[in-house]
$ cat query-v2.txt   # compact mmCIF, C-alpha atoms
# COMPACT_ATOMS: atom_id res chain seq x y z
CA MET A 143 -26.94 25.63 -8.64
CA PRO A 144 -29.24 24.38 -5.84
CA ILE A 145 -27.79 21.61 -3.72
CA ASN A 146 -30.94 19.61 -4.38
CA TYR A 147 -29.90 18.95 -7.98
CA TYR A 148 -26.67 17.38 -6.83
CA ILE A 149 -28.44 15.39 -4.14
CA PHE A 150 -30.90 13.99 -6.66
CA LEU A 151 -28.19 13.18 -9.16
CA SER A 152 -26.18 11.35 -6.51
CA VAL A 153 -29.23 9.48 -5.27
CA CYS A 154 -30.02 8.43 -8.85
CA LEU A 155 -26.48 7.15 -9.43
CA PHE A 156 -26.39 5.41 -6.06
CA CYS A 157 -29.70 3.64 -6.63
CA ILE A 158 -28.67 2.59 -10.13
CA GLY A 159 -25.62 1.04 -8.48
CA ILE A 160 -27.80 -0.75 -5.94
CA ILE A 161 -30.11 -2.08 -8.65
CA GLY A 162 -27.07 -3.34 -10.52
CA VAL A 163 -25.75 -5.12 -7.43
CA LEU A 164 -29.13 -6.72 -6.80
CA THR A 165 -29.95 -7.81 -10.32
CA ARG A 166 -26.69 -8.73 -12.00
CA ARG A 167 -24.92 -11.97 -11.25
CA ASN A 168 -21.56 -11.38 -12.83
CA ALA A 169 -19.11 -10.65 -10.00
CA ILE A 170 -17.15 -8.11 -12.04
CA VAL A 171 -20.26 -6.15 -12.97
CA ILE A 172 -21.28 -6.14 -9.31
CA PHE A 173 -17.86 -4.77 -8.44
CA MET A 174 -18.26 -2.04 -11.05
CA CYS A 175 -21.62 -1.10 -9.57
CA ILE A 176 -19.92 -0.70 -6.18
CA GLU A 177 -17.47 1.69 -7.82
CA LEU A 178 -20.42 3.58 -9.24
CA MET A 179 -21.91 3.98 -5.77
CA LEU A 180 -18.58 5.20 -4.38
CA ASN A 181 -18.44 7.82 -7.09
CA ALA A 182 -21.98 9.00 -6.37
CA VAL A 183 -20.98 9.54 -2.74
CA ASN A 184 -17.83 11.37 -3.82
CA LEU A 185 -19.83 13.71 -6.02
CA LEU A 186 -22.19 14.49 -3.16
CA LEU A 187 -19.28 15.19 -0.79
CA VAL A 188 -17.74 17.63 -3.26
CA ALA A 189 -21.09 19.40 -3.70
CA PHE A 190 -21.44 19.68 0.07
CA SER A 191 -17.92 21.06 0.38
CA ARG A 192 -18.84 23.76 -2.14
CA MET A 193 -22.01 24.55 -0.21
CA HIS A 194 -20.11 24.72 3.07
CA HIS A 195 -17.51 26.94 1.50
CA ALA A 196 -20.14 29.33 0.16
CA ALA A 197 -21.78 29.53 3.58
CA ALA A 198 -18.46 30.17 5.33
CA GLN A 199 -17.47 32.73 2.74
CA SER A 200 -20.56 34.80 3.39
CA LEU A 201 -19.36 35.25 6.98
CA ASP A 202 -15.66 35.58 6.32
CA ALA A 203 -14.49 36.40 2.84
CA ALA A 204 -11.03 34.89 3.27
CA SER A 205 -12.30 31.60 4.65
CA MET A 206 -10.91 28.39 3.27
CA ALA A 207 -13.50 26.10 4.82
CA GLY A 208 -14.46 23.13 2.71
CA ALA A 209 -11.01 21.94 1.75
CA GLU A 210 -11.27 19.13 4.27
CA ALA A 211 -14.11 17.52 2.37
CA GLN A 212 -12.05 17.42 -0.79
CA ILE A 213 -9.16 15.86 1.12
CA PHE A 214 -11.67 13.32 2.36
CA VAL A 215 -12.77 12.54 -1.21
CA PHE A 216 -9.13 12.17 -2.14
CA PHE A 217 -8.65 9.57 0.59
CA ILE A 218 -11.80 7.77 -0.52
CA MET A 219 -10.24 7.46 -3.97
CA VAL A 220 -7.02 6.14 -2.42
CA VAL A 221 -8.87 3.48 -0.45
CA ALA A 222 -11.00 2.60 -3.49
CA ALA A 223 -7.88 2.00 -5.55
CA ALA A 224 -6.48 -0.37 -2.93
CA GLU A 225 -9.86 -2.08 -2.63
CA VAL A 226 -10.09 -2.62 -6.37
CA THR A 227 -6.67 -4.25 -6.39
CA VAL A 228 -7.52 -6.78 -3.72
CA GLY A 229 -11.04 -7.36 -5.01
CA LEU A 230 -9.92 -8.08 -8.53
CA ALA A 231 -7.24 -10.42 -7.19
CA ILE A 232 -9.94 -12.29 -5.29
CA ILE A 233 -12.11 -12.50 -8.42
CA VAL A 234 -9.20 -13.81 -10.47
CA MET A 235 -8.48 -16.45 -7.83
CA LEU A 236 -12.15 -17.39 -7.82
CA TYR A 237 -12.21 -17.71 -11.57
CA ARG A 238 -9.14 -19.88 -11.47
CA ASN A 239 -10.76 -22.18 -8.95
CA ILE A 240 -14.34 -22.54 -10.16
CA HIS A 241 -13.94 -21.33 -13.77
CA SER A 242 -16.80 -18.90 -13.53
CA VAL A 243 -17.57 -15.52 -12.04
CA ASP A 244 -21.26 -16.19 -11.57
CA ILE A 245 -22.07 -15.46 -7.94
CA ASN A 246 -24.74 -18.15 -7.83
CA PHE A 247 -21.94 -20.72 -7.73
CA LEU A 248 -20.56 -19.06 -4.62
CA ASN A 249 -23.04 -20.45 -2.13
CA ARG A 250 -20.69 -22.85 -0.41
CA LEU A 251 -21.17 -21.19 2.95
CA LYS A 252 -24.82 -22.23 2.79
CA HIS A 253 -24.22 -25.94 2.83
CA MET B 291 -30.47 29.68 -19.20
CA PRO B 292 -26.84 30.26 -18.25
CA ILE B 293 -24.12 28.15 -19.70
CA THR B 294 -23.34 26.38 -16.42
CA GLU B 295 -26.88 25.07 -16.20
CA ILE B 296 -26.74 23.71 -19.72
CA ILE B 297 -23.47 21.97 -18.91
CA PHE B 298 -24.94 20.65 -15.66
CA TRP B 299 -27.98 19.11 -17.33
CA THR B 300 -25.92 17.65 -20.17
CA LEU B 301 -23.44 16.06 -17.79
CA SER B 302 -26.16 14.78 -15.49
CA SER B 303 -28.16 13.13 -18.25
CA ALA B 304 -24.97 11.66 -19.70
CA ALA B 305 -24.00 10.25 -16.29
CA ILE B 306 -27.41 8.71 -15.62
CA LEU B 307 -27.80 7.27 -19.11
CA ALA B 308 -24.32 5.77 -19.01
CA ALA B 309 -24.95 4.37 -15.53
CA LEU B 310 -28.11 2.70 -16.80
CA MET B 311 -26.16 1.29 -19.71
CA VAL B 312 -23.60 -0.11 -17.25
CA ILE B 313 -26.16 -2.30 -15.56
CA PHE B 314 -28.19 -3.18 -18.63
CA SER B 315 -25.53 -4.09 -21.15
CA LYS B 316 -24.94 -7.80 -21.48
CA ASN B 317 -21.29 -7.67 -22.34
CA PRO B 318 -18.98 -6.83 -19.39
CA VAL B 319 -16.57 -5.01 -21.70
CA HIS B 320 -19.37 -2.66 -22.71
CA SER B 321 -20.16 -2.16 -19.04
CA VAL B 322 -16.59 -1.06 -18.40
CA LEU B 323 -16.68 1.36 -21.32
CA TRP B 324 -19.95 2.90 -20.14
CA LEU B 325 -18.54 3.20 -16.64
CA ILE B 326 -15.65 5.22 -18.08
CA VAL B 327 -18.26 7.56 -19.59
CA VAL B 328 -19.84 7.92 -16.14
CA PHE B 329 -16.48 8.77 -14.61
CA PHE B 330 -15.78 11.40 -17.22
CA ALA B 331 -19.18 12.98 -16.63
CA ILE B 332 -18.50 13.05 -12.89
CA SER B 333 -15.13 14.66 -13.59
CA GLY B 334 -17.00 17.32 -15.53
CA HIS B 335 -19.18 17.88 -12.50
CA TYR B 336 -16.08 18.33 -10.36
CA VAL B 337 -14.80 20.98 -12.74
CA LEU B 338 -18.19 22.67 -12.55
CA LEU B 339 -17.92 22.65 -8.75
CA ASN B 340 -14.44 24.23 -8.90
CA ALA B 341 -12.72 21.08 -7.67
CA GLN B 342 -10.13 20.91 -10.41
CA PHE B 343 -7.67 18.75 -8.50
CA LEU B 344 -10.29 16.11 -7.81
CA ALA B 345 -11.40 16.20 -11.44
CA ILE B 346 -7.88 15.41 -12.60
CA VAL B 347 -7.39 12.74 -9.93
CA ASN B 348 -10.73 11.17 -10.81
CA MET B 349 -9.77 11.00 -14.46
CA ILE B 350 -6.32 9.57 -13.79
CA VAL B 351 -7.14 7.14 -11.01
CA TYR B 352 -10.63 5.97 -11.90
CA ALA B 353 -11.01 6.34 -15.64
CA GLY B 354 -7.33 5.62 -16.17
CA ALA B 355 -5.98 3.09 -13.73
CA ILE B 356 -8.94 1.30 -12.19
CA MET B 357 -10.90 0.85 -15.38
CA VAL B 358 -7.85 -0.42 -17.22
CA LEU B 359 -7.44 -2.93 -14.41
CA PHE B 360 -11.05 -4.05 -14.84
CA LEU B 361 -10.66 -4.33 -18.59
CA PHE B 362 -7.45 -6.26 -18.12
CA VAL B 363 -9.09 -8.78 -15.81
CA ILE B 364 -12.09 -9.21 -18.12
CA MET B 365 -9.85 -9.86 -21.09
CA LEU B 366 -7.73 -12.21 -18.99
CA MET B 367 -10.82 -14.28 -18.26
CA ASN B 368 -11.91 -14.18 -21.88
CA MET B 369 -15.55 -13.66 -21.08
CA ASN B 370 -16.60 -11.31 -23.80
CA ALA B 371 -19.64 -13.45 -24.30
CA ASP B 372 -22.23 -13.20 -21.63
CA GLN B 373 -23.12 -16.30 -19.68
CA GLU B 374 -26.15 -15.49 -17.58
CA PRO B 375 -28.56 -18.17 -18.67
CA ASN B 376 -31.46 -18.59 -16.31
CA LYS B 377 -31.94 -15.56 -14.15
CA SER B 378 -35.34 -15.49 -12.64
CA LYS B 379 -37.63 -12.64 -13.59
CA TRP B 380 -38.90 -12.24 -10.05
CA MET B 381 -35.49 -11.70 -8.52
CA LYS B 382 -34.72 -9.01 -11.07
CA MET B 383 -38.03 -7.33 -10.45
CA ALA B 384 -37.49 -7.48 -6.68
CA GLY B 385 -34.10 -5.83 -7.09
CA VAL B 386 -35.47 -3.05 -9.26
CA VAL B 387 -38.40 -2.45 -6.90
CA SER B 388 -36.21 -2.28 -3.80
CA GLY B 389 -33.70 0.04 -5.43
CA GLY B 390 -36.47 2.24 -6.76
CA SER B 391 -38.18 2.47 -3.41
CA LEU B 392 -34.89 3.42 -1.74
CA MET B 393 -34.54 6.20 -4.29
CA LEU B 394 -38.12 7.30 -3.66
CA ILE B 395 -37.57 7.47 0.09
CA LEU B 396 -34.29 9.36 -0.20
CA VAL B 397 -35.73 11.89 -2.65
CA ALA B 398 -38.86 12.39 -0.55
CA THR B 399 -36.76 12.91 2.57
CA LEU B 400 -34.24 15.30 1.06
CA LYS B 401 -36.39 17.37 -1.25
CA ASN B 402 -36.91 20.34 1.09
CA ASN B 403 -33.39 21.74 0.99
CA THR B 404 -32.96 25.29 -0.16
CA ALA B 405 -29.20 25.64 0.14
CA VAL B 406 -27.13 26.53 -2.88
CA ALA B 407 -23.84 24.95 -3.87
CA GLY B 408 -22.36 27.98 -5.48
CA GLY B 409 -21.14 31.35 -4.34
CA GLN B 410 -18.40 33.26 -6.00
CA GLU B 411 -15.04 32.07 -7.17
CA ALA B 412 -13.63 29.56 -4.70
CA GLY B 413 -9.97 28.63 -4.52
CA ILE B 414 -10.30 25.61 -2.29
CA GLY B 415 -10.29 23.07 -5.08
CA LEU B 416 -7.02 24.20 -6.59
CA ILE B 417 -4.01 21.98 -6.23
CA GLN B 418 -2.07 24.64 -4.36
CA GLN B 419 -4.58 24.99 -1.55
CA LEU B 420 -5.34 21.28 -1.33
CA GLY B 421 -1.68 20.36 -1.33
CA ARG B 422 -0.98 22.77 1.50
CA THR B 423 -3.82 21.31 3.54
CA LEU B 424 -2.83 17.75 2.70
CA PHE B 425 0.79 18.13 3.69
CA SER B 426 0.26 20.20 6.80
CA GLU B 427 -2.80 18.88 8.59
CA TYR B 428 -3.31 15.52 6.94
CA VAL B 429 0.23 14.32 6.49
CA VAL B 430 -0.17 11.35 8.86
CA PRO B 431 -3.16 9.84 6.99
CA PHE B 432 -1.26 10.46 3.77
CA GLU B 433 1.67 8.39 4.99
CA ILE B 434 -0.63 5.72 6.38
CA SER B 435 -2.28 5.43 2.98
CA SER B 436 1.11 4.56 1.51
CA VAL B 437 1.31 1.66 3.97
CA LEU B 438 -2.21 0.71 2.89
CA PHE B 439 -1.10 0.63 -0.73
CA LEU B 440 1.88 -1.51 0.13
CA SER B 441 -0.25 -4.02 2.02
CA ALA B 442 -2.84 -4.06 -0.79
CA MET B 443 -0.08 -4.80 -3.28
CA VAL B 444 1.31 -7.63 -1.15
CA GLY B 445 -2.21 -9.00 -0.64
CA ALA B 446 -2.98 -8.93 -4.34
CA ILE B 447 0.25 -10.73 -5.15
CA ILE B 448 -0.38 -13.40 -2.53
CA LEU B 449 -3.96 -13.88 -3.70
CA GLY B 450 -2.91 -14.03 -7.32
CA LYS B 451 -0.18 -16.60 -6.80
CA LYS B 452 -0.81 -19.99 -8.26
CA GLU B 453 -1.08 -22.33 -5.36
CA LYS B 454 -1.67 -26.03 -5.15
CA GLY B 455 -3.19 -26.42 -1.79
CA ILE B 456 -6.28 -26.27 0.27
CA ILE B 457 -8.48 -24.20 -1.96
CA GLU B 458 -8.29 -26.26 -5.11
CA THR B 459 -8.92 -29.56 -3.36
CA ASN B 460 -11.83 -28.06 -1.51
CA VAL B 461 -13.55 -26.38 -4.39
CA SER B 462 -13.20 -28.95 -7.13
CA LYS B 463 -15.69 -31.28 -5.46

$ encode --input "query-v2.txt" --output "C-alpha cells"
Amino acid sequence: MPINYYIFLSVCLFCIGIIGVLTRRNAIVIFMCIELMLNAVNLLLVAFSRMHHAAAQSLDAASMAGAEAQIFVFFIMVVAAAEVTVGLAIIVMLYRNIHSVDINFLNRLKH
Amino acid sequence: MPITEIIFWTLSSAAILAALMVIFSKNPVHSVLWLIVVFFAISGHYVLLNAQFLAIVNMIVYAGAIMVLFLFVIMLMNMNADQEPNKSKWMKMAGVVSGGSLMLILVATLKNNTAVAGGQEAGIGLIQQLGRTLFSEYVVPFEISSVLFLSAMVGAIILGKKEKGIIETNVSK
C-alpha cells in the first residue's frame, strides 16, 4: 500500500477535525474533534513506522526498527486519556457555572 | 484487486464518512456514536498495518473508556437536544474554506511520495516485541506516565468538586 494513501487519509481526517473545531460551537463536540485530529496523527505515525520498518528490513532482515514509533503512539494515547479526563472536568465545571457549553458565552477574557 | 486493498478502501471511506457525520450531526450523542465508528475504522487500519497491540489499545482506551466518558458527561448535562440557535453562515463558511485550503496545501505538498508502507511480515507490532521495548528502553517514561495519570485524576477531582467560592460569584454576573 503506498504511503500516500495513508497520508491523504490522515490529512482528510485531520482537516475534518479542524473544520469541526472552527464551525461547531458546542464545547464537547469541539473536544471530540480534537480527539479526531489526535487519531489522524496516530494513524500517520503507525503508517510511517511500517514504512521505516520495511526500509530497514530491506537492508537487514532481522531489523526491528519502527517499534519506537508505536511506543510513541502508545504514549500519545496515554496523554490523550489524561487530557480527556481534565478537559471533561473543566467542561463539567463550566456547565455548572454558566449552565451552557456554548463557547460563545466564554468570552469573558475579552471584556 | 487484492483483499487488503478492498479492506483499505472500505475502512477509509467508513472513517471519512463517519468523521463527516461527527461534525455535521446536530445531536452530540450521535456525534459520540459516529466517533466510535471512526475509532473502530482506525483500529482496522492498525490491524492492516500489522500493529495489533495498538489496534487493541485503541479499541479499549478510545472506543471503550474515553467515549464512554464523553457519553457520560453528555448525559449528565442532559443536552440531547441541540441548542445552537443563531450561528452565522459566514463564520461556518470561513471555517470550511480555511480547513479545505489547509487540506489542499497539505495534499499538494505531500503528493510526490513514492514510498510504500508494506514489506513482508513484520513482527514489530506484536505485544511481545512492543512490551520488550517498552519495559527495557522506555521504562522511565512509562513510570512517569503513571505519575501523569495520578495528577490528572487529582486535577479532575479538584475541578469537579462543588465549590462555593470565587468562580460562582464571578460568573453569575

$ atom_distance --input "query-v2.txt" --atom1 "atom CA of Met311 of chain B" --atom2 "atom CA of Phe216 of chain A"
26.8 Å

$ residues_around --input "query-v2.txt" --residues "segment 167-169 of chain A" --least-positions-apart "4" --cutoff "7 Å" --atoms "only C-alpha atoms" --output "ChimeraX atom specification"
/A:173,243-245

$ residues_around --input "query-v2.txt" --residues "segment 182-187 of chain A" --least-positions-apart "5" --cutoff "12 Å" --atoms "only C-alpha atoms" --output "NGL selection string"
(:A and (145-160 or 175-177 or 192-194 or 208-219 or 222)) or (:B and (302 or 305-306 or 309 or 328-329 or 331-339 or 341 or 344-345 or 348 or 407))

$ residues_near_point --input "query-v2.txt" --point "(-1.7, -9.0, -6.7)" --cutoff "12 Å" --atoms "only C-alpha atoms" --output "list in words"
Ala224, Glu225, Val226, Thr227, Val228, Gly229, Leu230, Ala231, Ile232, Ile233, Val234 and Met235 of chain A; Leu359, Val363, Phe439, Leu440, Ser441, Ala442, Met443, Val444, Gly445, Ala446, Ile447, Ile448, Leu449, Gly450, Lys451 and Lys452 of chain B

$ axis_aligned_box --input "query-v2.txt" --around "segment 148-155 of chain A" --padding-each-side "3 Å" --output "JSON"
{"center_x": -28.5, "center_y": 12.3, "center_z": -6.8, "size_x": 10.7, "size_y": 16.2, "size_z": 11.3}

$ atom_distance --input "query-v2.txt" --atom1 "atom CA of Val351 of chain B" --atom2 "atom CA of Ala207 of chain A"
25.5 Å

$ closest_residue --input "query-v2.txt" --among "B:Leu323, B:Val406, B:Leu396, B:Val387" --to "Val171 of chain A" --atoms "only C-alpha atoms"
B:Leu323

$ closest_residue --input "query-v2.txt" --among "B:Trp380, B:Phe362, B:Val430, B:Thr404" --to "chain A" --atoms "only C-alpha atoms"
B:Thr404

$ closest_residue --input "query-v2.txt" --among "B:Asn368, B:Gln418, B:Thr399, B:Ser435" --to "chain A" --atoms "only C-alpha atoms"
B:Ser435

$ atom_distance --input "query-v2.txt" --atom1 "atom CA of Ile350 of chain B" --atom2 "atom CA of Ser436 of chain B"
17.7 Å

$ decode --input "query-v2.txt" --residues "segment 303-341 of chain B" --atoms "N, CA and C atoms" --output "PDB file, in the first residue's frame"
ATOM      1  N   SER B 303     -13.193   4.794   3.581  1.00  0.00           N
ATOM      2  CA  SER B 303     -14.446   5.515   3.316  1.00  0.00           C
ATOM      3  C   SER B 303     -15.329   5.524   4.545  1.00  0.00           C
ATOM      4  N   ALA B 304     -15.305   4.420   5.315  1.00  0.00           N
ATOM      5  CA  ALA B 304     -16.089   4.411   6.555  1.00  0.00           C
ATOM      6  C   ALA B 304     -15.584   5.465   7.519  1.00  0.00           C
ATOM      7  N   ALA B 305     -14.240   5.574   7.634  1.00  0.00           N
ATOM      8  CA  ALA B 305     -13.672   6.546   8.583  1.00  0.00           C
ATOM      9  C   ALA B 305     -14.027   7.963   8.167  1.00  0.00           C
ATOM     10  N   ILE B 306     -13.905   8.273   6.872  1.00  0.00           N
ATOM     11  CA  ILE B 306     -14.151   9.658   6.448  1.00  0.00           C
ATOM     12  C   ILE B 306     -15.636   9.996   6.549  1.00  0.00           C
ATOM     13  N   LEU B 307     -16.486   9.056   6.143  1.00  0.00           N
ATOM     14  CA  LEU B 307     -17.929   9.324   6.246  1.00  0.00           C
ATOM     15  C   LEU B 307     -18.339   9.526   7.698  1.00  0.00           C
ATOM     16  N   ALA B 308     -17.831   8.662   8.578  1.00  0.00           N
ATOM     17  CA  ALA B 308     -18.210   8.799   9.986  1.00  0.00           C
ATOM     18  C   ALA B 308     -17.655  10.078  10.581  1.00  0.00           C
ATOM     19  N   ALA B 309     -16.442  10.490  10.135  1.00  0.00           N
ATOM     20  CA  ALA B 309     -15.886  11.741  10.642  1.00  0.00           C
ATOM     21  C   ALA B 309     -16.729  12.929  10.185  1.00  0.00           C
ATOM     22  N   LEU B 310     -17.209  12.863   8.934  1.00  0.00           N
ATOM     23  CA  LEU B 310     -18.095  13.937   8.478  1.00  0.00           C
ATOM     24  C   LEU B 310     -19.380  13.956   9.283  1.00  0.00           C
ATOM     25  N   MET B 311     -19.895  12.764   9.591  1.00  0.00           N
ATOM     26  CA  MET B 311     -21.118  12.712  10.382  1.00  0.00           C
ATOM     27  C   MET B 311     -20.891  13.254  11.796  1.00  0.00           C
ATOM     28  N   VAL B 312     -19.656  13.104  12.313  1.00  0.00           N
ATOM     29  CA  VAL B 312     -19.367  13.643  13.651  1.00  0.00           C
ATOM     30  C   VAL B 312     -19.584  15.142  13.672  1.00  0.00           C
ATOM     31  N   ILE B 313     -19.085  15.833  12.636  1.00  0.00           N
ATOM     32  CA  ILE B 313     -19.177  17.288  12.709  1.00  0.00           C
ATOM     33  C   ILE B 313     -20.488  17.811  12.161  1.00  0.00           C
ATOM     34  N   PHE B 314     -21.253  16.989  11.451  1.00  0.00           N
ATOM     35  CA  PHE B 314     -22.489  17.524  10.881  1.00  0.00           C
ATOM     36  C   PHE B 314     -23.741  17.123  11.639  1.00  0.00           C
ATOM     37  N   SER B 315     -23.635  16.148  12.527  1.00  0.00           N
ATOM     38  CA  SER B 315     -24.860  15.761  13.226  1.00  0.00           C
ATOM     39  C   SER B 315     -25.164  16.767  14.335  1.00  0.00           C
ATOM     40  N   LYS B 316     -26.443  17.053  14.486  1.00  0.00           N
ATOM     41  CA  LYS B 316     -26.845  18.096  15.435  1.00  0.00           C
ATOM     42  C   LYS B 316     -26.776  17.622  16.876  1.00  0.00           C
ATOM     43  N   ASN B 317     -27.094  16.371  17.061  1.00  0.00           N
ATOM     44  CA  ASN B 317     -27.175  15.832  18.415  1.00  0.00           C
ATOM     45  C   ASN B 317     -25.783  15.384  18.884  1.00  0.00           C
ATOM     46  N   PRO B 318     -25.302  15.860  20.022  1.00  0.00           N
ATOM     47  CA  PRO B 318     -23.963  15.443  20.492  1.00  0.00           C
ATOM     48  C   PRO B 318     -23.854  13.950  20.754  1.00  0.00           C
ATOM     49  N   VAL B 319     -24.950  13.310  21.144  1.00  0.00           N
ATOM     50  CA  VAL B 319     -24.888  11.864  21.374  1.00  0.00           C
ATOM     51  C   VAL B 319     -24.604  11.135  20.065  1.00  0.00           C
ATOM     52  N   HIS B 320     -25.230  11.603  18.976  1.00  0.00           N
ATOM     53  CA  HIS B 320     -24.941  10.995  17.678  1.00  0.00           C
ATOM     54  C   HIS B 320     -23.492  11.240  17.268  1.00  0.00           C
ATOM     55  N   SER B 321     -22.971  12.412  17.619  1.00  0.00           N
ATOM     56  CA  SER B 321     -21.566  12.684  17.321  1.00  0.00           C
ATOM     57  C   SER B 321     -20.654  11.680  18.009  1.00  0.00           C
ATOM     58  N   VAL B 322     -20.959  11.406  19.276  1.00  0.00           N
ATOM     59  CA  VAL B 322     -20.140  10.433  20.007  1.00  0.00           C
ATOM     60  C   VAL B 322     -20.220   9.066  19.341  1.00  0.00           C
ATOM     61  N   LEU B 323     -21.421   8.670  18.942  1.00  0.00           N
ATOM     62  CA  LEU B 323     -21.560   7.334  18.347  1.00  0.00           C
ATOM     63  C   LEU B 323     -20.812   7.253  17.016  1.00  0.00           C
ATOM     64  N   TRP B 324     -20.870   8.326  16.219  1.00  0.00           N
ATOM     65  CA  TRP B 324     -20.120   8.306  14.958  1.00  0.00           C
ATOM     66  C   TRP B 324     -18.622   8.322  15.209  1.00  0.00           C
ATOM     67  N   LEU B 325     -18.202   8.998  16.274  1.00  0.00           N
ATOM     68  CA  LEU B 325     -16.773   9.000  16.588  1.00  0.00           C
ATOM     69  C   LEU B 325     -16.302   7.603  16.977  1.00  0.00           C
ATOM     70  N   ILE B 326     -17.163   6.826  17.617  1.00  0.00           N
ATOM     71  CA  ILE B 326     -16.797   5.440  17.930  1.00  0.00           C
ATOM     72  C   ILE B 326     -16.591   4.650  16.643  1.00  0.00           C
ATOM     73  N   VAL B 327     -17.450   4.927  15.626  1.00  0.00           N
ATOM     74  CA  VAL B 327     -17.271   4.264  14.325  1.00  0.00           C
ATOM     75  C   VAL B 327     -15.909   4.628  13.730  1.00  0.00           C
ATOM     76  N   VAL B 328     -15.542   5.919  13.831  1.00  0.00           N
ATOM     77  CA  VAL B 328     -14.231   6.343  13.323  1.00  0.00           C
ATOM     78  C   VAL B 328     -13.115   5.584  14.021  1.00  0.00           C
ATOM     79  N   PHE B 329     -13.224   5.442  15.344  1.00  0.00           N
ATOM     80  CA  PHE B 329     -12.155   4.779  16.076  1.00  0.00           C
ATOM     81  C   PHE B 329     -12.062   3.310  15.700  1.00  0.00           C
ATOM     82  N   PHE B 330     -13.202   2.682  15.456  1.00  0.00           N
ATOM     83  CA  PHE B 330     -13.126   1.283  15.051  1.00  0.00           C
ATOM     84  C   PHE B 330     -12.502   1.150  13.672  1.00  0.00           C
ATOM     85  N   ALA B 331     -12.820   2.079  12.772  1.00  0.00           N
ATOM     86  CA  ALA B 331     -12.206   2.027  11.442  1.00  0.00           C
ATOM     87  C   ALA B 331     -10.697   2.224  11.545  1.00  0.00           C
ATOM     88  N   ILE B 332     -10.272   3.133  12.430  1.00  0.00           N
ATOM     89  CA  ILE B 332      -8.830   3.354  12.579  1.00  0.00           C
ATOM     90  C   ILE B 332      -8.170   2.130  13.203  1.00  0.00           C
ATOM     91  N   SER B 333      -8.888   1.453  14.113  1.00  0.00           N
ATOM     92  CA  SER B 333      -8.343   0.199  14.648  1.00  0.00           C
ATOM     93  C   SER B 333      -8.175  -0.833  13.546  1.00  0.00           C
ATOM     94  N   GLY B 334      -9.124  -0.871  12.611  1.00  0.00           N
ATOM     95  CA  GLY B 334      -8.975  -1.773  11.474  1.00  0.00           C
ATOM     96  C   GLY B 334      -7.753  -1.435  10.640  1.00  0.00           C
ATOM     97  N   HIS B 335      -7.488  -0.153  10.486  1.00  0.00           N
ATOM     98  CA  HIS B 335      -6.270   0.257   9.779  1.00  0.00           C
ATOM     99  C   HIS B 335      -5.026  -0.203  10.512  1.00  0.00           C
ATOM    100  N   TYR B 336      -5.039  -0.138  11.835  1.00  0.00           N
ATOM    101  CA  TYR B 336      -3.880  -0.600  12.605  1.00  0.00           C
ATOM    102  C   TYR B 336      -3.650  -2.087  12.385  1.00  0.00           C
ATOM    103  N   VAL B 337      -4.745  -2.857  12.355  1.00  0.00           N
ATOM    104  CA  VAL B 337      -4.587  -4.289  12.100  1.00  0.00           C
ATOM    105  C   VAL B 337      -3.998  -4.509  10.717  1.00  0.00           C
ATOM    106  N   LEU B 338      -4.454  -3.708   9.756  1.00  0.00           N
ATOM    107  CA  LEU B 338      -3.959  -3.817   8.389  1.00  0.00           C
ATOM    108  C   LEU B 338      -2.480  -3.469   8.307  1.00  0.00           C
ATOM    109  N   LEU B 339      -2.029  -2.586   9.199  1.00  0.00           N
ATOM    110  CA  LEU B 339      -0.614  -2.196   9.224  1.00  0.00           C
ATOM    111  C   LEU B 339       0.201  -3.082  10.158  1.00  0.00           C
ATOM    112  N   ASN B 340      -0.338  -4.193  10.584  1.00  0.00           N
ATOM    113  CA  ASN B 340       0.349  -5.129  11.482  1.00  0.00           C
ATOM    114  C   ASN B 340       0.715  -4.509  12.811  1.00  0.00           C
ATOM    115  N   ALA B 341      -0.121  -3.615  13.321  1.00  0.00           N
ATOM    116  CA  ALA B 341       0.105  -3.048  14.650  1.00  0.00           C
ATOM    117  C   ALA B 341      -1.011  -3.534  15.563  1.00  0.00           C
TER     118      ALA B 341
END
